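**Student:** Dropping the structure in here first, questions after.
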Amino acid sequence: MARVRHSLRVLDRAIESGAKAAGLTVQQQAFLLSLMARGARSVPLAYLRADLSMDQATTSDLLARLTRRGLVARRSGRDRRAVNVSMTRPGRARFQRSVQAIRREIRRAKNNGELDALQRHLREYLAFYSR
C-alpha cells in the first residue's frame, strides 16, 4: 500500500508541475479541465461548481480571476443569475501547456517505475470488480 501511496503522490506532483508550468494554480487548472471536459463552450457555472465540489463563493472567485486573465469568458444565461463559461483561445493554449507538462512528468515517472504499483493495483481492482 505504501507504493500505491507513493504513486499517488507522484501523480499529484505531476499535476502541480503542470499547473506551475502553465502559470496556473491547481484550482485554476482543475477549473479549466472541467470546462474542457464539458466542451469548453457555454458551460453553466453550476456544472463546473458541481464537478469541482466547490461552494459558490469559491467558484465565483476562481471564475473572476480566470476572466481577468483572459483565459475564460463569462456570459449571462437566460436567467440573469445563471452564468455560462467558455474557454478563450489563450485559455486553451495555457491549458495545453499544462497538459503537456503533466504528460512529460507522468512519462518520466513511468519510465522510473514510480507508477508500477498503482498500475498493478488498479488492474487487480478492476479485475476483481469486473467478475
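In the C-alpha cells, the first chain shown is A, the next is B, and so on; residue numbers restart at 1 for each chain, and ligands run from 1 in the order shown.
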Determine which residues of range 44-109 of chain A receive a DSSP assignment of strand (DSSP E), computed from the backbone, and state them as a CSV table (one decimal) with C-alpha atoms, in the first residue's frame.

**Tutor:**
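states-v3.csv written:
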chain,number,residue,atom,x,y,z
A,44,PRO,CA,-23.2,26.5,-17.0
A,72,VAL,CA,-12.3,32.3,-19.9
A,73,ALA,CA,-15.3,34.4,-20.9
A,74,ARG,CA,-18.5,34.5,-19.0
A,75,ARG,CA,-21.9,35.3,-20.3
A,76,SER,CA,-25.3,35.6,-18.5
A,83,VAL,CA,-23.7,32.2,-15.8
A,84,ASN,CA,-22.2,30.3,-18.8
A,85,VAL,CA,-18.5,30.0,-19.2
A,86,SER,CA,-16.4,29.5,-22.4
A,87,MET,CA,-12.7,28.9,-22.9

**Student:** Excluding same-chain residues fewer than 4 positions from range 9-18 of chain A, what lies within 10 Å of it counting only C-alpha atoms, as a list of chain:residue names?

**Tutor:** A:Arg3, A:Val4, A:Arg5, A:Ala22, A:Gly23, A:Leu24, A:Thr25, A:Val26, A:Gln27, A:Gln29, A:Ala30, A:Phe95, A:Gln96, A:Arg97, A:Ser98, A:Val99, A:Gln100, A:Ala101, A:Ile102, A:Arg103, A:Arg104, A:Glu105, A:Ile106, A:Arg107, A:Arg108, A:Ala109, A:Lys110, A:Glu114, A:Leu115

**Student:** Any chance you could export the current selection's N, CA and C atoms as a CSV table (one decimal), in the first residue's frame?

**Tutor:**
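again.csv written:
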chain,number,residue,atom,x,y,z
A,3,ARG,N,3.6,1.7,-1.6
A,3,ARG,CA,4.0,2.0,-3.0
A,3,ARG,C,2.8,2.7,-3.8
A,4,VAL,N,1.6,2.3,-3.5
A,4,VAL,CA,0.5,2.9,-4.2
A,4,VAL,C,0.4,4.4,-3.7
A,5,ARG,N,0.5,4.6,-2.4
A,5,ARG,CA,0.5,6.0,-1.9
A,5,ARG,C,1.6,6.8,-2.5
A,22,ALA,N,2.3,26.2,-16.6
A,22,ALA,CA,1.3,27.0,-17.3
A,22,ALA,C,1.0,28.3,-16.6
A,23,GLY,N,1.6,28.5,-15.5
A,23,GLY,CA,1.3,29.7,-14.7
A,23,GLY,C,-0.1,29.7,-14.1
A,24,LEU,N,-0.5,28.5,-13.7
A,24,LEU,CA,-1.8,28.4,-13.1
A,24,LEU,C,-1.7,27.8,-11.7
A,25,THR,N,-2.7,28.0,-10.9
A,25,THR,CA,-2.8,27.3,-9.6
A,25,THR,C,-3.5,26.0,-9.9
A,26,VAL,N,-3.4,25.0,-9.0
A,26,VAL,CA,-4.0,23.7,-9.2
A,26,VAL,C,-5.5,23.9,-9.3
A,27,GLN,N,-6.1,24.8,-8.6
A,27,GLN,CA,-7.6,25.1,-8.7
A,27,GLN,C,-7.9,25.6,-10.0
A,29,GLN,N,-6.3,25.2,-12.8
A,29,GLN,CA,-6.1,24.1,-13.7
A,29,GLN,C,-7.3,23.2,-13.7
A,30,ALA,N,-7.8,22.8,-12.5
A,30,ALA,CA,-9.0,22.0,-12.3
A,30,ALA,C,-10.2,22.6,-13.0
A,95,PHE,N,-4.0,25.9,-21.1
A,95,PHE,CA,-4.4,24.6,-20.6
A,95,PHE,C,-3.5,23.5,-21.3
A,96,GLN,N,-3.3,23.7,-22.6
A,96,GLN,CA,-2.5,22.7,-23.4
A,96,GLN,C,-1.1,22.7,-22.8
A,97,ARG,N,-0.5,23.8,-22.5
A,97,ARG,CA,0.8,23.8,-21.9
A,97,ARG,C,0.8,23.0,-20.6
A,98,SER,N,-0.2,23.2,-19.8
A,98,SER,CA,-0.3,22.4,-18.5
A,98,SER,C,-0.4,20.9,-18.8
A,99,VAL,N,-1.2,20.5,-19.8
A,99,VAL,CA,-1.4,19.1,-20.1
A,99,VAL,C,-0.1,18.5,-20.6
A,100,GLN,N,0.7,19.3,-21.4
A,100,GLN,CA,1.9,18.8,-21.9
A,100,GLN,C,2.9,18.5,-20.8
A,101,ALA,N,3.0,19.5,-19.9
A,101,ALA,CA,3.9,19.3,-18.7
A,101,ALA,C,3.5,18.1,-17.9
A,102,ILE,N,2.2,17.9,-17.7
A,102,ILE,CA,1.8,16.7,-16.9
A,102,ILE,C,2.2,15.5,-17.6
A,103,ARG,N,1.9,15.4,-18.9
A,103,ARG,CA,2.3,14.3,-19.7
A,103,ARG,C,3.8,13.9,-19.6
A,104,ARG,N,4.6,15.0,-19.7
A,104,ARG,CA,6.1,14.8,-19.5
A,104,ARG,C,6.4,14.2,-18.2
A,105,GLU,N,5.8,14.7,-17.1
A,105,GLU,CA,6.1,14.2,-15.8
A,105,GLU,C,5.6,12.8,-15.6
A,106,ILE,N,4.5,12.5,-16.1
A,106,ILE,CA,3.9,11.1,-16.0
A,106,ILE,C,4.8,10.1,-16.7
A,107,ARG,N,5.2,10.5,-17.9
A,107,ARG,CA,6.1,9.7,-18.7
A,107,ARG,C,7.4,9.4,-18.0
A,108,ARG,N,8.0,10.5,-17.4
A,108,ARG,CA,9.2,10.3,-16.6
A,108,ARG,C,9.0,9.4,-15.4
A,109,ALA,N,7.9,9.6,-14.7
A,109,ALA,CA,7.6,8.7,-13.5
A,109,ALA,C,7.4,7.3,-14.0
A,110,LYS,N,6.7,7.1,-15.1
A,110,LYS,CA,6.5,5.7,-15.5
A,110,LYS,C,7.8,5.1,-15.9
A,114,GLU,N,7.9,4.5,-11.1
A,114,GLU,CA,7.2,5.1,-9.9
A,114,GLU,C,5.7,4.9,-10.0
A,115,LEU,N,5.2,4.4,-11.1
A,115,LEU,CA,3.8,4.2,-11.2
A,115,LEU,C,3.4,2.7,-11.3

**Student:** If you run DSSP on the backbone here, which positions in range 13-116 of chain A get helix (DSSP H, G or I)? Please write them as a ChimeraX atom specification.

**Tutor:** /A:13-21,26-37,45-52,56-68,89-111,116

**Student:** When you count only C-alpha atoms, which of these residues is closest to Leu32 in chain A: A:His6, A:Arg123, A:Arg49, A:Arg81?

**Tutor:**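 Closest candidate: A:Arg49.
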
**Student:** Identify, on the basis of only C-alpha atoms, every residue whose closest approach to His121 in chain A does not exceed 12 Å; exclude the query and any residue fewer than 3 positions from it along the same chain; express the result as a list in words.

**Tutor:**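 The neighbour list is Met1, Ala2, Arg3, Val4, Arg5, Ser7, Leu8, Leu115, Asp116, Ala117, Leu118, Glu124, Tyr125, Leu126, Ala127 and Phe128 of chain A.
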
**Student:** Suppose you want the space between CA of Arg92 in chain A and CA of Asp51 in chain A; what is it in Å?

**Tutor:** 19.0 Å
